[in-house]
$ cat coords-v3.cif   # mmCIF, N, CA and C atoms
data_start
loop_
_atom_site.label_atom_id
_atom_site.label_comp_id
_atom_site.auth_asym_id
_atom_site.auth_seq_id
_atom_site.Cartn_x
_atom_site.Cartn_y
_atom_site.Cartn_z
N ALA D 746 236.86 30.15 54.42
CA ALA D 746 235.83 31.12 54.77
C ALA D 746 234.48 30.69 54.21
N TYR D 747 234.50 30.02 53.06
CA TYR D 747 233.25 29.55 52.46
C TYR D 747 232.55 28.58 53.40
N GLN D 748 233.28 27.67 53.99
CA GLN D 748 232.69 26.66 54.87
C GLN D 748 232.06 27.30 56.10
N ILE D 749 232.66 28.36 56.60
CA ILE D 749 232.10 29.07 57.76
C ILE D 749 230.75 29.66 57.39
N ARG D 750 230.70 30.34 56.27
CA ARG D 750 229.45 30.96 55.82
C ARG D 750 228.39 29.91 55.51
N TYR D 751 228.79 28.82 54.87
CA TYR D 751 227.87 27.74 54.52
C TYR D 751 227.28 27.10 55.78
N SER D 752 228.12 26.83 56.77
CA SER D 752 227.65 26.21 58.02
C SER D 752 226.71 27.13 58.77
N LEU D 753 227.02 28.41 58.79
CA LEU D 753 226.15 29.37 59.46
C LEU D 753 224.80 29.45 58.76
N ALA D 754 224.81 29.50 57.44
CA ALA D 754 223.55 29.56 56.69
C ALA D 754 222.72 28.29 56.88
N ALA D 755 223.37 27.13 56.86
CA ALA D 755 222.66 25.86 57.06
C ALA D 755 222.01 25.83 58.44
N MET D 756 222.74 26.29 59.44
CA MET D 756 222.20 26.32 60.79
C MET D 756 221.02 27.28 60.87
N GLU D 757 221.15 28.46 60.28
CA GLU D 757 220.07 29.44 60.33
C GLU D 757 218.80 28.91 59.68
N TYR D 758 218.93 28.27 58.53
CA TYR D 758 217.76 27.72 57.85
C TYR D 758 217.13 26.59 58.66
N SER D 759 217.94 25.71 59.21
CA SER D 759 217.40 24.53 59.87
C SER D 759 216.70 24.82 61.18
N VAL D 760 216.97 25.95 61.79
CA VAL D 760 216.33 26.29 63.07
C VAL D 760 215.51 27.57 63.00
N SER D 761 215.02 27.89 61.80
CA SER D 761 214.10 29.01 61.67
C SER D 761 212.70 28.46 61.46
N GLU D 762 211.72 29.22 61.87
CA GLU D 762 210.33 28.78 61.70
C GLU D 762 210.04 28.60 60.22
N ASP D 763 209.47 27.48 59.88
CA ASP D 763 209.13 27.12 58.49
C ASP D 763 210.35 27.11 57.57
N PHE D 764 211.54 27.05 58.14
CA PHE D 764 212.80 26.93 57.38
C PHE D 764 212.94 28.03 56.33
N ARG D 765 212.52 29.24 56.70
CA ARG D 765 212.57 30.39 55.78
C ARG D 765 213.81 31.24 56.04
N ASP D 766 214.33 31.80 54.95
CA ASP D 766 215.44 32.74 55.06
C ASP D 766 214.96 33.96 55.83
N GLY D 767 215.66 34.29 56.87
CA GLY D 767 215.29 35.45 57.68
C GLY D 767 214.15 35.17 58.64
N GLY D 768 213.71 33.91 58.73
CA GLY D 768 212.61 33.56 59.63
C GLY D 768 213.03 33.66 61.09
N ARG D 769 212.03 33.74 61.95
CA ARG D 769 212.29 33.79 63.39
C ARG D 769 212.89 32.47 63.86
N LYS D 770 213.64 32.52 64.94
CA LYS D 770 214.21 31.30 65.51
C LYS D 770 213.07 30.40 66.00
N ASN D 771 213.18 29.10 65.73
CA ASN D 771 212.14 28.19 66.18
C ASN D 771 212.33 27.86 67.67
N ALA D 772 211.43 27.06 68.20
CA ALA D 772 211.44 26.73 69.63
C ALA D 772 212.72 26.00 70.04
N VAL D 773 213.24 25.14 69.17
CA VAL D 773 214.46 24.41 69.50
C VAL D 773 215.63 25.38 69.67
N MET D 774 215.77 26.31 68.74
CA MET D 774 216.88 27.27 68.83
C MET D 774 216.72 28.17 70.04
N ARG D 775 215.49 28.57 70.33
CA ARG D 775 215.27 29.41 71.52
C ARG D 775 215.62 28.63 72.79
N THR D 776 215.31 27.33 72.81
CA THR D 776 215.66 26.48 73.95
C THR D 776 217.18 26.39 74.10
N ILE D 777 217.86 26.18 72.98
CA ILE D 777 219.33 26.09 73.00
C ILE D 777 219.93 27.38 73.53
N LEU D 778 219.42 28.50 73.05
CA LEU D 778 219.96 29.81 73.46
C LEU D 778 219.73 30.08 74.95
N GLU D 779 218.72 29.44 75.52
CA GLU D 779 218.41 29.64 76.94
C GLU D 779 219.29 28.80 77.87
N THR D 780 219.97 27.80 77.33
CA THR D 780 220.81 26.97 78.20
C THR D 780 222.01 27.78 78.68
N PRO D 781 222.39 27.61 79.93
CA PRO D 781 223.54 28.36 80.46
C PRO D 781 224.83 28.09 79.68
N SER D 782 225.01 26.88 79.21
CA SER D 782 226.25 26.55 78.52
C SER D 782 226.33 27.14 77.12
N CYS D 783 225.21 27.53 76.56
CA CYS D 783 225.23 28.15 75.23
C CYS D 783 226.05 29.44 75.26
N GLY D 784 225.86 30.24 76.30
CA GLY D 784 226.63 31.46 76.44
C GLY D 784 228.12 31.18 76.54
N SER D 785 228.47 30.11 77.25
CA SER D 785 229.88 29.72 77.37
C SER D 785 230.46 29.31 76.03
N LEU D 786 229.70 28.50 75.28
CA LEU D 786 230.17 28.07 73.96
C LEU D 786 230.31 29.25 73.01
N LEU D 787 229.35 30.15 73.02
CA LEU D 787 229.43 31.33 72.16
C LEU D 787 230.64 32.19 72.51
N GLU D 788 230.94 32.29 73.78
CA GLU D 788 232.10 33.07 74.22
C GLU D 788 233.41 32.43 73.73
N VAL D 789 233.50 31.11 73.80
CA VAL D 789 234.70 30.42 73.33
C VAL D 789 234.84 30.59 71.81
N VAL D 790 233.73 30.47 71.09
CA VAL D 790 233.76 30.66 69.64
C VAL D 790 234.22 32.09 69.32
N ARG D 791 233.66 33.06 70.02
CA ARG D 791 234.04 34.47 69.81
C ARG D 791 235.53 34.66 70.08
N ASN D 792 236.04 34.09 71.17
CA ASN D 792 237.46 34.22 71.49
C ASN D 792 238.35 33.58 70.44
N LYS D 793 237.93 32.43 69.93
CA LYS D 793 238.70 31.74 68.88
C LYS D 793 238.78 32.60 67.63
N VAL D 794 237.64 33.13 67.20
CA VAL D 794 237.62 33.96 65.99
C VAL D 794 238.45 35.23 66.20
N LEU D 795 238.32 35.85 67.36
CA LEU D 795 239.10 37.06 67.63
C LEU D 795 240.60 36.78 67.68
N SER D 796 240.98 35.60 68.17
CA SER D 796 242.40 35.28 68.25
C SER D 796 243.00 35.05 66.86
N VAL D 797 242.20 34.58 65.94
CA VAL D 797 242.68 34.29 64.59
C VAL D 797 242.60 35.53 63.68
N SER D 798 241.73 36.46 64.01
CA SER D 798 241.51 37.61 63.13
C SER D 798 242.77 38.42 62.80
N PRO D 799 243.75 38.59 63.71
CA PRO D 799 244.96 39.32 63.30
C PRO D 799 245.75 38.61 62.20
N LEU D 800 245.61 37.29 62.11
CA LEU D 800 246.34 36.54 61.08
C LEU D 800 245.86 36.88 59.67
N VAL D 801 244.64 37.33 59.55
CA VAL D 801 244.10 37.66 58.23
C VAL D 801 244.88 38.83 57.61
N GLY D 802 245.54 39.60 58.45
CA GLY D 802 246.37 40.70 57.96
C GLY D 802 247.49 40.26 57.04
N ILE D 803 247.78 38.98 57.00
CA ILE D 803 248.84 38.48 56.12
C ILE D 803 248.53 38.77 54.65
N PHE D 804 247.26 38.90 54.34
CA PHE D 804 246.88 39.14 52.95
C PHE D 804 247.22 40.55 52.48
N VAL D 805 247.52 41.45 53.41
CA VAL D 805 247.95 42.80 53.03
C VAL D 805 249.37 43.08 53.49
N HIS D 806 250.04 42.10 54.05
CA HIS D 806 251.42 42.23 54.52
C HIS D 806 252.33 42.06 53.31
N GLU D 807 252.88 43.17 52.81
CA GLU D 807 253.65 43.13 51.57
C GLU D 807 255.10 43.55 51.76
N THR D 808 255.70 43.09 52.83
CA THR D 808 257.12 43.39 53.06
C THR D 808 257.88 42.08 53.23
N CYS D 809 259.19 42.20 53.23
CA CYS D 809 260.04 41.03 53.43
C CYS D 809 260.22 40.73 54.92
N ASP D 810 259.76 41.64 55.76
CA ASP D 810 259.88 41.45 57.20
C ASP D 810 258.95 40.33 57.66
N PRO D 811 259.31 39.69 58.77
CA PRO D 811 258.43 38.65 59.30
C PRO D 811 257.04 39.24 59.63
N PHE D 812 256.04 38.44 59.44
CA PHE D 812 254.66 38.87 59.73
C PHE D 812 254.49 38.93 61.24
N PRO D 813 254.22 40.11 61.80
CA PRO D 813 254.20 40.26 63.26
C PRO D 813 253.14 39.41 63.97
N ALA D 814 251.99 39.22 63.37
CA ALA D 814 250.91 38.48 64.05
C ALA D 814 251.22 36.99 64.20
N SER D 815 252.14 36.47 63.39
CA SER D 815 252.43 35.03 63.48
C SER D 815 253.13 34.67 64.78
N GLY D 816 253.72 35.64 65.46
CA GLY D 816 254.37 35.38 66.74
C GLY D 816 253.49 35.69 67.93
N ASP D 817 252.29 36.17 67.68
CA ASP D 817 251.36 36.53 68.74
C ASP D 817 250.86 35.27 69.45
N ALA D 818 250.95 35.25 70.76
CA ALA D 818 250.54 34.07 71.53
C ALA D 818 249.06 33.75 71.31
N GLY D 819 248.23 34.78 71.19
CA GLY D 819 246.81 34.55 70.97
C GLY D 819 246.51 33.92 69.63
N ALA D 820 247.33 34.23 68.64
CA ALA D 820 247.10 33.71 67.29
C ALA D 820 247.39 32.22 67.18
N VAL D 821 248.16 31.70 68.08
CA VAL D 821 248.48 30.27 68.03
C VAL D 821 247.72 29.46 69.08
N HIS D 822 246.92 30.13 69.89
CA HIS D 822 246.14 29.44 70.93
C HIS D 822 245.03 28.63 70.28
N SER D 823 244.86 27.39 70.68
CA SER D 823 243.89 26.52 70.01
C SER D 823 242.51 26.52 70.66
N PHE D 824 242.41 26.84 71.93
CA PHE D 824 241.13 26.83 72.65
C PHE D 824 240.49 25.45 72.67
N ARG D 825 241.22 24.43 72.30
CA ARG D 825 240.65 23.08 72.16
C ARG D 825 239.97 22.59 73.44
N VAL D 826 240.64 22.73 74.57
CA VAL D 826 240.08 22.24 75.83
C VAL D 826 238.81 23.01 76.18
N ASP D 827 238.86 24.34 76.01
CA ASP D 827 237.69 25.17 76.31
C ASP D 827 236.52 24.83 75.39
N ILE D 828 236.81 24.63 74.11
CA ILE D 828 235.77 24.31 73.13
C ILE D 828 235.13 22.97 73.46
N GLN D 829 235.94 21.97 73.72
CA GLN D 829 235.40 20.64 74.02
C GLN D 829 234.56 20.65 75.29
N ALA D 830 235.01 21.35 76.31
CA ALA D 830 234.25 21.42 77.57
C ALA D 830 232.91 22.12 77.34
N ALA D 831 232.93 23.21 76.60
CA ALA D 831 231.68 23.95 76.34
C ALA D 831 230.72 23.13 75.49
N GLN D 832 231.25 22.40 74.48
CA GLN D 832 230.40 21.57 73.64
C GLN D 832 229.78 20.43 74.45
N ARG D 833 230.57 19.78 75.28
CA ARG D 833 230.05 18.68 76.11
C ARG D 833 228.96 19.17 77.05
N SER D 834 229.21 20.30 77.66
CA SER D 834 228.25 20.87 78.60
C SER D 834 226.94 21.22 77.90
N MET D 835 227.06 21.85 76.74
CA MET D 835 225.86 22.23 76.01
C MET D 835 225.09 21.00 75.53
N ALA D 836 225.78 20.00 75.02
CA ALA D 836 225.13 18.77 74.57
C ALA D 836 224.42 18.08 75.73
N ALA D 837 225.03 18.07 76.90
CA ALA D 837 224.41 17.44 78.07
C ALA D 837 223.15 18.19 78.48
N GLU D 838 223.19 19.51 78.45
CA GLU D 838 222.01 20.30 78.82
C GLU D 838 220.88 20.10 77.81
N ILE D 839 221.23 20.08 76.55
CA ILE D 839 220.22 19.87 75.51
C ILE D 839 219.59 18.49 75.64
N ALA D 840 220.42 17.49 75.91
CA ALA D 840 219.93 16.11 76.01
C ALA D 840 218.95 15.92 77.17
N LYS D 841 219.02 16.77 78.17
CA LYS D 841 218.12 16.67 79.32
C LYS D 841 216.83 17.47 79.15
N HIS D 842 216.80 18.34 78.15
CA HIS D 842 215.64 19.22 78.01
C HIS D 842 214.48 18.48 77.35
N PRO D 843 213.32 18.43 78.01
CA PRO D 843 212.20 17.64 77.48
C PRO D 843 211.67 18.13 76.13
N SER D 844 211.74 19.41 75.85
CA SER D 844 211.20 19.89 74.57
C SER D 844 212.08 19.50 73.39
N VAL D 845 213.34 19.20 73.66
CA VAL D 845 214.25 18.81 72.58
C VAL D 845 214.26 17.29 72.42
N THR D 846 214.11 16.57 73.50
CA THR D 846 214.22 15.11 73.43
C THR D 846 212.89 14.41 73.17
N ARG D 847 211.80 15.16 73.04
CA ARG D 847 210.52 14.50 72.76
C ARG D 847 210.58 13.81 71.41
N LEU D 848 209.88 12.73 71.30
CA LEU D 848 209.89 11.95 70.07
C LEU D 848 209.06 12.63 69.00
N VAL D 849 209.47 12.45 67.77
CA VAL D 849 208.70 12.98 66.65
C VAL D 849 207.45 12.11 66.49
N THR D 850 206.34 12.74 66.22
CA THR D 850 205.11 11.98 66.04
C THR D 850 205.18 11.16 64.77
N ALA D 851 204.36 10.14 64.70
CA ALA D 851 204.35 9.27 63.53
C ALA D 851 204.14 10.10 62.27
N GLY D 852 204.89 9.79 61.26
CA GLY D 852 204.79 10.54 60.01
C GLY D 852 205.64 11.80 59.99
N GLY D 853 206.31 12.09 61.10
CA GLY D 853 207.16 13.28 61.16
C GLY D 853 208.44 13.07 60.35
N THR D 854 209.15 14.14 60.11
CA THR D 854 210.38 14.06 59.33
C THR D 854 211.56 14.45 60.21
N LEU D 855 212.74 14.10 59.75
CA LEU D 855 213.94 14.47 60.50
C LEU D 855 214.09 15.98 60.62
N GLU D 856 213.70 16.70 59.58
CA GLU D 856 213.86 18.16 59.65
C GLU D 856 212.98 18.77 60.73
N ARG D 857 211.95 18.10 61.14
CA ARG D 857 211.08 18.59 62.21
C ARG D 857 211.43 17.97 63.57
N ASP D 858 212.38 17.06 63.60
CA ASP D 858 212.79 16.40 64.84
C ASP D 858 213.63 17.37 65.66
N PRO D 859 213.19 17.70 66.88
CA PRO D 859 213.93 18.67 67.70
C PRO D 859 215.37 18.25 68.02
N LEU D 860 215.56 16.96 68.30
CA LEU D 860 216.91 16.49 68.61
C LEU D 860 217.81 16.58 67.38
N CYS D 861 217.26 16.27 66.22
CA CYS D 861 218.02 16.39 64.97
C CYS D 861 218.41 17.86 64.72
N GLN D 862 217.48 18.77 64.99
CA GLN D 862 217.78 20.19 64.81
C GLN D 862 218.88 20.64 65.77
N ALA D 863 218.83 20.16 67.01
CA ALA D 863 219.88 20.49 67.98
C ALA D 863 221.24 19.96 67.51
N CYS D 864 221.23 18.76 66.93
CA CYS D 864 222.47 18.18 66.41
C CYS D 864 223.00 18.99 65.24
N VAL D 865 222.11 19.52 64.40
CA VAL D 865 222.53 20.37 63.28
C VAL D 865 223.22 21.63 63.82
N VAL D 866 222.67 22.20 64.87
CA VAL D 866 223.28 23.40 65.47
C VAL D 866 224.68 23.07 65.99
N LEU D 867 224.79 22.00 66.78
CA LEU D 867 226.10 21.62 67.33
C LEU D 867 227.08 21.26 66.21
N GLY D 868 226.61 20.55 65.20
CA GLY D 868 227.47 20.19 64.07
C GLY D 868 227.92 21.40 63.28
N SER D 869 227.02 22.36 63.09
CA SER D 869 227.37 23.58 62.35
C SER D 869 228.42 24.39 63.11
N ILE D 870 228.26 24.48 64.42
CA ILE D 870 229.24 25.20 65.22
C ILE D 870 230.59 24.50 65.14
N GLU D 871 230.58 23.18 65.23
CA GLU D 871 231.83 22.41 65.12
C GLU D 871 232.49 22.63 63.77
N CYS D 872 231.70 22.64 62.71
CA CYS D 872 232.24 22.84 61.36
C CYS D 872 232.84 24.25 61.22
N MET D 873 232.17 25.26 61.78
CA MET D 873 232.71 26.62 61.72
C MET D 873 234.04 26.71 62.48
N LEU D 874 234.08 26.09 63.65
CA LEU D 874 235.33 26.09 64.43
C LEU D 874 236.45 25.37 63.70
N GLU D 875 236.12 24.27 63.04
CA GLU D 875 237.13 23.53 62.27
C GLU D 875 237.65 24.39 61.11
N SER D 876 236.76 25.13 60.48
CA SER D 876 237.18 26.00 59.38
C SER D 876 238.08 27.13 59.86
N VAL D 877 237.76 27.69 61.02
CA VAL D 877 238.61 28.73 61.60
C VAL D 877 239.98 28.14 61.95
N ARG D 878 239.97 26.94 62.50
CA ARG D 878 241.23 26.26 62.84
C ARG D 878 242.06 25.98 61.58
N ASP D 879 241.40 25.55 60.51
CA ASP D 879 242.11 25.31 59.25
C ASP D 879 242.73 26.60 58.70
N LEU D 880 241.97 27.68 58.77
CA LEU D 880 242.50 28.98 58.32
C LEU D 880 243.70 29.37 59.16
N GLN D 881 243.60 29.20 60.46
CA GLN D 881 244.71 29.52 61.38
C GLN D 881 245.95 28.70 61.02
N HIS D 882 245.78 27.42 60.85
CA HIS D 882 246.95 26.56 60.56
C HIS D 882 247.55 26.84 59.19
N THR D 883 246.69 27.13 58.22
CA THR D 883 247.19 27.43 56.87
C THR D 883 248.04 28.71 56.89
N ILE D 884 247.59 29.72 57.56
CA ILE D 884 248.33 30.98 57.61
C ILE D 884 249.63 30.83 58.40
N LEU D 885 249.59 30.05 59.47
CA LEU D 885 250.79 29.91 60.31
C LEU D 885 251.86 29.02 59.69
N ARG D 886 251.54 28.26 58.65
CA ARG D 886 252.54 27.39 58.01
C ARG D 886 253.58 28.17 57.33
#
$ encode --input "coords-v3.cif" --output "structure tokens"
Amino acid sequence: AYQIRYSLAAMEYSVSEDFRDGGRKNAVMRTILETPSCGSLLEVVRNKVLSVSPLVGIFVHETCDPFPASGDAGAVHSFRVDIQAAQRSMAAEIAKHPSVTRLVTAGGTLERDPLCQACVVLGSIECMLESVRDLQHTILR
């Protein structure tokens, strides 16, 4: 759970105006959110988290009976194909967008590079999904 929170915070800071806590989304993040595939990726992430959420009940399951959520078909669904398709689609759309692919001016830094910021967003989402998958597999063992 720590890695999920850490990845989300890193993403929020890296794509906020002036990299401030609670700052408005910068132009790169607004561009990403406007891509059609972003909605698809967010939906897959939401479905993955919702499918794993019943498994968290194991921490309050205090009987000798089998844990009911471990047999739930949704709890063992990986969403791997859906996630990969949504990530590829979003990366392709971002790569074509001129405001994200423009070159950084001389003397610019990576933190101000739009393509680098887009990669941080995609990497953070991937890291959150990996953490959810790790939680799912740990509980199901």
$ residues_around --input "coords-v3.cif" --residues "stretch 870-880 of chain D" --least-positions-apart "3" --cutoff "6.5 Å" --atoms "all atoms listed in the file" --output "ChimeraX atom specification"
/D:746,748-749,752,865-867,883-885
$ closest_residue --input "coords-v3.cif" --among "D:Tyr751, D:Glu762, D:Lys793, D:Gly868" --to "D:Ser823" --atoms "all atoms listed in the file"
D:Lys793
$ residues_around --input "coords-v3.cif" --residues "D:Ser759" --least-positions-apart "4" --cutoff "12 Å" --atoms "only C-alpha atoms" --output "PyMOL selection string"
chain D and resi 752-755+763-774+855-869
$ closest_residue --input "coords-v3.cif" --among "D:Val797, D:Ile777, D:Met756, D:Cys783" --to "D:Ala831" --atoms "only C-alpha atoms"
D:Cys783
$ closest_residue --input "coords-v3.cif" --among "D:Gln832, D:Phe824, D:Arg775, D:Arg886" --to "D:Val845" --atoms "only C-alpha atoms"
D:Arg775
$ atom_distance --input "coords-v3.cif" --atom1 "atom N of D:Thr780" --atom2 "atom CA of D:Ala830"
15.6 Å
